[in-house]
>>> print(open('my_file_2.txt').read())   # compact mmCIF, C-alpha atoms
# COMPACT_ATOMS: atom_id res chain seq x y z
CA MET V 1 -55.13 89.03 43.51
CA PRO V 2 -52.42 90.80 45.55
CA ARG V 3 -49.13 91.45 43.78
CA CYS V 4 -45.67 91.41 45.33
CA SER V 5 -43.77 94.66 44.78
CA VAL V 6 -40.22 93.50 45.61
CA CYS V 7 -38.79 92.70 42.17
CA PHE V 8 -39.53 92.78 38.45
CA ARG V 9 -41.60 89.57 38.65
CA HIS V 10 -44.44 91.27 40.54
CA CYS V 11 -45.85 87.86 41.43
CA GLU V 12 -49.58 87.55 41.94
CA ILE V 13 -49.87 85.59 45.20
CA ARG V 14 -53.15 84.15 46.35
CA GLU V 15 -53.93 83.81 50.06
CA GLY V 16 -51.53 81.38 51.71
CA ALA V 17 -49.51 80.72 48.57
CA ILE V 18 -45.81 81.41 47.98
CA GLY V 19 -44.22 83.59 45.28
CA PHE V 20 -41.48 82.63 42.83
CA CYS V 21 -38.74 83.37 45.39
CA GLY V 22 -40.14 80.84 47.84
CA ALA V 23 -40.17 83.37 50.64
CA ARG V 24 -43.04 85.80 50.10
CA THR V 25 -46.63 84.94 50.82
CA CYS V 26 -50.08 86.49 51.14
CA ARG V 27 -51.73 86.84 54.55
CA ASP V 28 -55.09 88.54 54.98
CA GLY V 29 -54.78 90.01 51.50
CA VAL V 30 -51.34 91.53 52.10
CA VAL V 31 -48.09 90.28 50.58
CA THR V 32 -45.47 89.78 53.27
CA ALA V 33 -42.27 87.88 54.08
CA ALA V 34 -42.91 84.25 55.02
CA ASN V 35 -39.22 83.98 55.93
CA TYR V 36 -39.27 86.88 58.42
CA GLY V 37 -36.74 86.00 61.12
CA LYS V 38 -36.22 82.47 59.77
CA ILE V 39 -32.46 82.01 60.08
CA THR V 40 -30.67 79.22 58.21
CA GLY V 41 -27.13 80.54 58.61
CA LEU V 42 -25.37 82.40 61.41
CA ALA V 43 -21.60 82.88 61.57
CA LEU V 44 -18.92 85.35 62.62
CA ASP V 45 -17.07 85.92 59.34
CA PRO V 46 -14.17 88.07 58.17
CA ILE V 47 -15.71 91.01 56.32
CA GLU V 48 -13.47 90.22 53.37
CA LYS V 49 -15.50 87.03 52.87
CA LYS V 50 -18.60 89.00 51.82
CA PRO V 51 -16.52 90.14 49.81
CA ILE V 52 -15.95 93.64 51.16
CA ALA V 53 -12.39 94.94 50.74
CA ARG V 54 -12.50 98.64 51.58
CA PHE V 55 -14.92 98.92 54.51
CA PHE V 56 -13.39 98.15 57.92
CA PRO V 57 -10.86 95.66 56.49
CA GLY V 58 -9.56 93.10 58.96
CA SER V 59 -12.77 93.11 61.01
CA LEU V 60 -15.31 90.40 61.74
CA ILE V 61 -19.04 90.67 61.16
CA LEU V 62 -21.98 88.56 62.29
CA SER V 63 -23.42 87.07 59.09
CA VAL V 64 -27.11 86.16 58.98
CA GLY V 65 -29.06 84.38 56.26
CA SER V 66 -32.55 83.02 55.64
CA TYR V 67 -33.95 81.09 52.66
CA GLY V 68 -35.24 81.81 49.16
CA CYS V 69 -34.06 83.77 46.12
CA ASN V 70 -35.64 85.58 43.17
CA LEU V 71 -32.96 84.49 40.65
CA ARG V 72 -32.18 81.02 39.33
CA CYS V 73 -28.41 81.05 38.83
CA PRO V 74 -27.45 77.52 37.69
CA PHE V 75 -24.09 77.82 39.49
CA CYS V 76 -25.48 78.85 42.89
CA GLN V 77 -23.21 77.82 45.76
CA ASN V 78 -26.02 78.18 48.31
CA HIS V 79 -28.74 76.45 46.29
CA ASP V 80 -29.79 74.35 49.28
CA ILE V 81 -31.16 77.48 50.94
CA SER V 82 -31.77 79.62 47.87
CA TRP V 83 -33.73 77.81 45.20
CA SER V 84 -33.78 74.06 45.58
CA ASP V 85 -36.97 72.21 46.50
CA GLU V 86 -35.53 71.76 49.98
CA ALA V 87 -35.15 75.51 50.43
CA PHE V 88 -38.88 76.06 50.00
CA GLN V 89 -39.62 73.58 52.77
CA LEU V 90 -37.40 75.21 55.37
CA ALA V 91 -40.01 77.40 57.02
CA ASP V 92 -41.30 74.75 59.40
CA ARG V 93 -37.89 73.54 60.52
CA THR V 94 -35.92 76.77 60.75
CA GLU V 95 -35.28 78.62 63.99
CA THR V 96 -36.90 82.03 64.26
CA PHE V 97 -35.04 85.07 65.58
CA SER V 98 -36.51 88.46 66.34
CA PRO V 99 -34.66 91.58 65.17
CA GLU V 100 -33.91 92.31 68.83
CA GLU V 101 -32.31 88.89 69.30
CA VAL V 102 -30.04 89.33 66.30
CA ALA V 103 -29.03 92.83 67.39
CA ASP V 104 -28.35 91.61 70.93
CA LEU V 105 -26.25 88.75 69.59
CA ALA V 106 -24.23 91.14 67.45
CA GLN V 107 -23.57 93.33 70.48
CA ARG V 108 -22.56 90.31 72.54
CA TYR V 109 -19.87 89.45 69.99
CA ARG V 110 -18.31 92.91 70.00
CA SER V 111 -15.75 91.64 72.48
CA ARG V 112 -14.63 89.17 69.79
CA GLY V 113 -14.12 91.89 67.21
CA ASN V 114 -17.60 91.95 65.68
CA ILE V 115 -18.51 95.29 64.08
CA GLY V 116 -22.17 94.54 63.29
CA VAL V 117 -24.43 92.41 61.09
CA ALA V 118 -24.20 91.31 57.44
CA PHE V 119 -27.36 90.08 55.71
CA THR V 120 -26.14 87.40 53.33
CA TYR V 121 -26.14 83.70 52.23
CA ASN V 122 -29.55 83.74 50.50
CA GLU V 123 -31.07 86.83 48.88
CA PRO V 124 -31.82 89.18 51.80
CA LEU V 125 -34.07 91.57 49.88
CA ILE V 126 -36.91 89.08 49.42
CA GLY V 127 -37.27 89.46 53.19
CA TYR V 128 -36.35 93.15 53.29
CA GLU V 129 -38.70 93.82 56.20
CA PHE V 130 -36.50 91.77 58.52
CA VAL V 131 -33.38 93.46 57.12
CA ARG V 132 -34.92 96.89 57.75
CA ASP V 133 -36.13 96.13 61.28
CA THR V 134 -32.92 94.42 62.36
CA ALA V 135 -30.52 96.89 60.75
CA LYS V 136 -32.30 99.77 62.49
CA LEU V 137 -31.68 98.19 65.89
CA VAL V 138 -28.06 97.32 65.05
CA LYS V 139 -27.43 100.95 64.06
CA GLU V 140 -29.02 102.16 67.30
CA ARG V 141 -26.45 100.06 69.15
CA GLY V 142 -23.66 101.90 67.33
CA MET V 143 -22.70 99.02 65.06
CA LYS V 144 -22.34 98.61 61.30
CA THR V 145 -24.63 96.91 58.79
CA VAL V 146 -23.77 95.20 55.50
CA LEU V 147 -26.04 93.87 52.74
CA VAL V 148 -24.87 91.19 50.30
CA SER V 149 -27.38 91.10 47.46
CA ASN V 150 -28.06 90.27 43.84
CA GLY V 151 -29.59 93.75 43.51
CA THR V 152 -32.77 92.39 41.95
CA ALA V 153 -35.25 94.62 43.73
CA GLU V 154 -37.24 97.75 43.09
CA VAL V 155 -35.64 101.02 44.16
CA THR V 156 -38.64 101.53 46.46
CA VAL V 157 -37.46 98.49 48.44
CA LEU V 158 -33.95 99.91 48.56
CA GLU V 159 -35.30 103.18 49.92
CA GLU V 160 -36.84 101.26 52.84
CA ILE V 161 -33.49 99.90 54.01
CA LEU V 162 -30.96 102.53 52.87
CA PRO V 163 -31.18 104.66 56.02
CA TYR V 164 -29.95 101.67 58.02
CA ILE V 165 -27.34 100.08 55.70
CA ASP V 166 -23.70 101.18 55.78
CA ALA V 167 -22.15 98.99 53.08
CA MET V 168 -23.22 96.63 50.32
CA ASN V 169 -21.72 94.08 48.02
CA ILE V 170 -23.99 93.80 45.00
CA ASP V 171 -23.66 91.22 42.25
CA LEU V 172 -23.32 92.71 38.80
CA LYS V 173 -23.26 89.25 37.31
CA GLY V 174 -22.65 90.26 33.73
CA PHE V 175 -23.41 93.03 31.31
CA SER V 176 -25.76 91.60 28.73
CA ASP V 177 -29.52 91.30 28.83
CA ARG V 178 -29.26 87.83 27.28
CA TYR V 179 -27.14 86.54 30.18
CA TYR V 180 -29.42 88.00 32.83
CA ARG V 181 -32.61 86.84 31.10
CA ASP V 182 -31.67 83.43 29.72
CA VAL V 183 -29.09 82.15 32.22
CA LEU V 184 -29.98 83.83 35.51
CA GLY V 185 -33.69 84.50 35.11
CA GLY V 186 -33.21 88.13 36.05
CA SER V 187 -33.26 91.74 34.88
CA ARG V 188 -30.00 93.59 34.21
CA LYS V 189 -31.78 96.96 34.14
CA MET V 190 -33.24 96.41 37.60
CA VAL V 191 -29.79 95.62 39.01
CA MET V 192 -28.23 98.64 37.31
CA ASP V 193 -30.94 100.95 38.68
CA PHE V 194 -30.45 99.43 42.14
CA ILE V 195 -26.68 99.98 42.05
CA ALA V 196 -26.97 103.53 40.72
CA ARG V 197 -29.22 104.45 43.65
CA ALA V 198 -27.23 102.57 46.28
CA VAL V 199 -23.93 104.35 45.57
CA ARG V 200 -25.51 107.66 46.52
CA ASP V 201 -25.95 106.70 50.17
CA ALA V 202 -23.82 103.66 51.03
CA HIS V 203 -20.37 102.20 50.55
CA VAL V 204 -20.84 99.87 47.55
CA GLU V 205 -18.64 97.11 46.19
CA LEU V 206 -19.55 94.92 43.22
CA THR V 207 -18.90 91.28 42.32
CA THR V 208 -18.81 89.61 38.91
CA LEU V 209 -18.39 85.83 38.73
CA ILE V 210 -16.81 84.88 35.41
CA ILE V 211 -18.50 81.91 33.69
CA PRO V 212 -16.62 80.50 30.67
CA GLY V 213 -18.54 81.09 27.48
CA GLU V 214 -21.16 83.28 29.14
CA ASN V 215 -19.79 86.58 30.47
CA ASP V 216 -16.04 86.23 29.95
CA GLY V 217 -15.51 88.53 26.96
CA GLU V 218 -13.15 91.48 27.22
CA GLU V 219 -15.59 93.83 25.52
CA GLU V 220 -18.31 92.92 27.99
CA MET V 221 -15.97 93.63 30.91
CA ARG V 222 -14.90 96.87 29.25
CA ALA V 223 -18.54 97.95 28.95
CA LEU V 224 -19.33 96.87 32.52
CA SER V 225 -16.40 98.73 34.06
CA ALA V 226 -17.06 101.84 31.95
CA TRP V 227 -20.64 101.96 33.21
CA VAL V 228 -19.50 101.55 36.81
CA ALA V 229 -16.89 104.28 36.37
CA GLY V 230 -19.60 106.73 35.33
CA LEU V 231 -21.76 106.33 38.44
CA THR V 232 -22.42 109.50 40.42
CA ASP V 233 -23.02 110.46 44.05
CA ARG V 234 -25.86 112.48 45.55
CA GLU V 235 -24.28 115.77 44.41
CA GLY V 236 -23.88 114.53 40.85
CA ARG V 237 -20.12 114.05 41.13
CA THR V 238 -18.65 111.08 39.26
CA VAL V 239 -17.46 108.56 41.86
CA GLY V 240 -17.64 105.28 39.99
CA GLN V 241 -13.89 104.92 39.52
CA GLU V 242 -13.58 104.48 43.28
CA ILE V 243 -16.11 101.62 43.48
CA PRO V 244 -14.31 98.31 44.14
CA LEU V 245 -15.03 95.49 41.70
CA HIS V 246 -14.40 91.85 42.66
CA ILE V 247 -13.85 89.58 39.66
CA SER V 248 -14.19 85.96 40.75
CA ARG V 249 -13.26 82.62 39.27
CA PHE V 250 -16.01 80.07 38.62
CA PHE V 251 -15.78 76.43 39.66
CA PRO V 252 -18.20 73.77 38.32
CA ARG V 253 -21.12 73.29 40.71
CA PHE V 254 -24.86 72.63 40.98
CA HIS V 255 -26.35 72.65 37.45
CA MET V 256 -23.10 73.71 35.80
CA THR V 257 -20.93 70.72 36.63
CA ASP V 258 -20.38 70.19 32.90
CA ARG V 259 -18.47 73.49 32.63
CA ARG V 260 -14.76 73.86 33.18
CA ALA V 261 -13.42 76.17 35.85
CA THR V 262 -12.52 79.65 34.66
CA GLU V 263 -8.86 79.86 33.69
CA VAL V 264 -6.88 81.90 36.18
CA LYS V 265 -5.21 83.84 33.39
CA LYS V 266 -8.67 84.81 32.09
CA VAL V 267 -9.65 86.27 35.47
CA TYR V 268 -6.39 88.20 35.66
CA ARG V 269 -6.81 89.50 32.12
CA LEU V 270 -10.36 90.70 32.77
CA ALA V 271 -9.10 92.43 35.91
CA GLU V 272 -6.57 94.27 33.76
CA VAL V 273 -9.37 95.34 31.44
CA ALA V 274 -11.48 96.59 34.37
CA ARG V 275 -8.51 98.56 35.69
CA GLU V 276 -8.59 100.67 32.54
CA LYS V 277 -11.55 102.44 34.19
CA LEU V 278 -11.60 101.43 37.87
CA HIS V 279 -9.07 102.07 40.62
CA TYR V 280 -9.86 99.07 42.84
CA VAL V 281 -10.21 95.71 41.12
CA TYR V 282 -9.77 92.47 43.09
CA THR V 283 -9.54 88.89 41.89
CA GLY V 284 -11.13 86.05 43.83
CA ASN V 285 -10.98 82.23 43.95
CA CYS V 286 -7.68 82.22 42.02
>>> encode(input="my_file_2.txt", output="structure tokens")
Amino acid sequence: MPRCSVCFRHCEIREGAIGFCGARTCRDGVVTAANYGKITGLALDPIEKKPIARFFPGSLILSVGSYGCNLRCPFCQNHDISWSDEAFQLADRTETFSPEEVADLAQRYRSRGNIGVAFTYNEPLIGYEFVRDTAKLVKERGMKTVLVSNGTAEVTVLEEILPYIDAMNIDLKGFSDRYYRDVLGGSRKMVMDFIARAVRDAHVELTTLIIPGENDGEEEMRALSAWVAGLTDREGRTVGQEIPLHISRFFPRFHMTDRRATEVKKVYRLAEVAREKLHYVYTGNC
């Protein structure tokens, strides 16, 4: 049975079936993206909303999203398109765009301050083929491309899109294997490998959402920021201290409505801890 090669799950997908993410299928014995060009969200957003703080600040970017996700974060703010039952039924009632149509739309909005396209809202990498094909055309038009991702993908997938991606915001959701495995249904090692490769060829910013009682310890933040600070570029030079880290406040939502919101003072304190190693640390939702 064909296996998907996008993330650590390596789903076996029989003909016509759908993988764990809800967006990859098998057609004629080949695993492919069922959500190719299926757009559920389209908006001209401030780039800071991604969040991206140090790449063309003050600009707008056409944000494009599809459906499906390969994690199961119980606090997901986009669960209606990412991993709810409804998300997996979107294919038949979602408008389809070609890469050319998205690139043309991005160019049309240049007069309104648009600098390019951001792939966001759901997890873009489960449909990396559309990201690759669209980003290539956007770059050919002299515009910028941004990826907003959970980083849960094989480096081979990253290599497919890296030539066409200018900037990324990648979730580094915590720094323990327990949290990634038991709460998110993910792989911390895969995300770390993804980030380490991405910083060699793109502008990278990271986001950590602080969940009370899960990933809010000072020692965990100290370990996370120390690892980021040690990341290196293509020439082997240490560049991690310059990587922006966004530390965000959690609000109860989805399957975590029984949790309290993160205390503002906790977010600020963890930002202070991160600044022991990193030059650019931002707080969000405070």
>>> closest_residue(input="my_file_2.txt", among="V:Glu12, V:Asp233, V:Asp45, V:Asp193", to="Tyr109 of chain V", atoms="all atoms listed in the file")
V:Asp45
>>> residues_around(input="my_file_2.txt", residues="segment 244-248 of chain V", least_positions_apart="4", cutoff="8 Å", atoms="only C-alpha atoms", output="PyMOL selection string")
chain V and resi 51+53-54+204-210+267+270-271+278-286
>>> atom_distance(input="my_file_2.txt", atom1="atom CA of Gln89 of chain V", atom2="atom CA of Ala17 of chain V")
12.9 Å
>>> closest_residue(input="my_file_2.txt", among="V:Leu172, V:Cys4, V:Leu137, V:Ile115", to="Asn215 of chain V", atoms="all atoms listed in the file")
V:Leu172
>>> atom_distance(input="my_file_2.txt", atom1="atom CA of Ala103 of chain V", atom2="atom CA of Leu125 of chain V")
18.3 Å
>>> closest_residue(input="my_file_2.txt", among="V:Arg3, V:Arg197, V:Arg93, V:Arg237", to="Val155 of chain V", atoms="only C-alpha atoms")
V:Arg197
>>> closest_residue(input="my_file_2.txt", among="V:Ser98, V:Arg112, V:Thr134, V:Asp85", to="Leu60 of chain V", atoms="all atoms listed in the file")
V:Arg112
>>> residues_around(input="my_file_2.txt", residues="His79 of chain V", least_positions_apart="4", cutoff="12 Å", atoms="only C-alpha atoms", output="list of chain:residue names")
V:Tyr67, V:Gly68, V:Cys69, V:Asn70, V:Leu71, V:Arg72, V:Cys73, V:Pro74, V:Phe75, V:Trp83, V:Ser84, V:Asp85, V:Glu86, V:Ala87, V:Phe88, V:Tyr121, V:Asn122, V:Glu123, V:Arg253, V:Phe254, V:His255
>>> residues_around(input="my_file_2.txt", residues="Phe55 of chain V", least_positions_apart="3", cutoff="10 Å", atoms="all atoms listed in the file", output="list in words")
Ile47, Glu48, Ile52, Gly58, Ser59, Val146, Asp166, Ala167, Met168, His203, Val204 and Glu205 of chain V
>>> closest_residue(input="my_file_2.txt", among="V:Glu276, V:Glu129, V:Glu154, V:Asp201", to="Ser187 of chain V", atoms="only C-alpha atoms")
V:Glu154
>>> atom_distance(input="my_file_2.txt", atom1="atom CA of Phe130 of chain V", atom2="atom CA of Arg110 of chain V")
21.5 Å
>>> residues_around(input="my_file_2.txt", residues="segment 25-28 of chain V", least_positions_apart="6", cutoff="8 Å", atoms="all atoms listed in the file", output="compact mmCIF listing (two decimals) with C-alpha atoms, in the coordinates of the input")
# COMPACT_ATOMS: atom_id res chain seq x y z
CA PRO V 2 -52.42 90.80 45.55
CA ILE V 13 -49.87 85.59 45.20
CA ARG V 14 -53.15 84.15 46.35
CA GLU V 15 -53.93 83.81 50.06
CA GLY V 16 -51.53 81.38 51.71
CA ALA V 17 -49.51 80.72 48.57
CA ILE V 18 -45.81 81.41 47.98
CA GLY V 19 -44.22 83.59 45.28
CA ALA V 34 -42.91 84.25 55.02
>>> closest_residue(input="my_file_2.txt", among="V:Ala198, V:Glu218, V:Asp92, V:Lys38", to="Ala153 of chain V", atoms="only C-alpha atoms")
V:Ala198
>>> residues_near_point(input="my_file_2.txt", point="(-26.2, 102.6, 56.9)", cutoff="10 Å", atoms="all atoms listed in the file", output="list in words")
Ala135, Lys136, Val138, Lys139, Met143, Lys144, Thr145, Val146, Leu147, Ile161, Leu162, Pro163, Tyr164, Ile165, Asp166, Ala167, Met168, Asp201, Ala202 and His203 of chain V
>>> residues_around(input="my_file_2.txt", residues="Thr96 of chain V", least_positions_apart="5", cutoff="10 Å", atoms="all atoms listed in the file", output="list in words")
Asn35, Tyr36, Gly37, Lys38, Ile39, Thr40, Ser66, Ala91 and Glu101 of chain V
>>> residues_near_point(input="my_file_2.txt", point="(-29.0, 85.9, 33.7)", cutoff="10 Å", atoms="all atoms listed in the file", output="PyMOL selection string")
chain V and resi 71-74+173-188+214-215
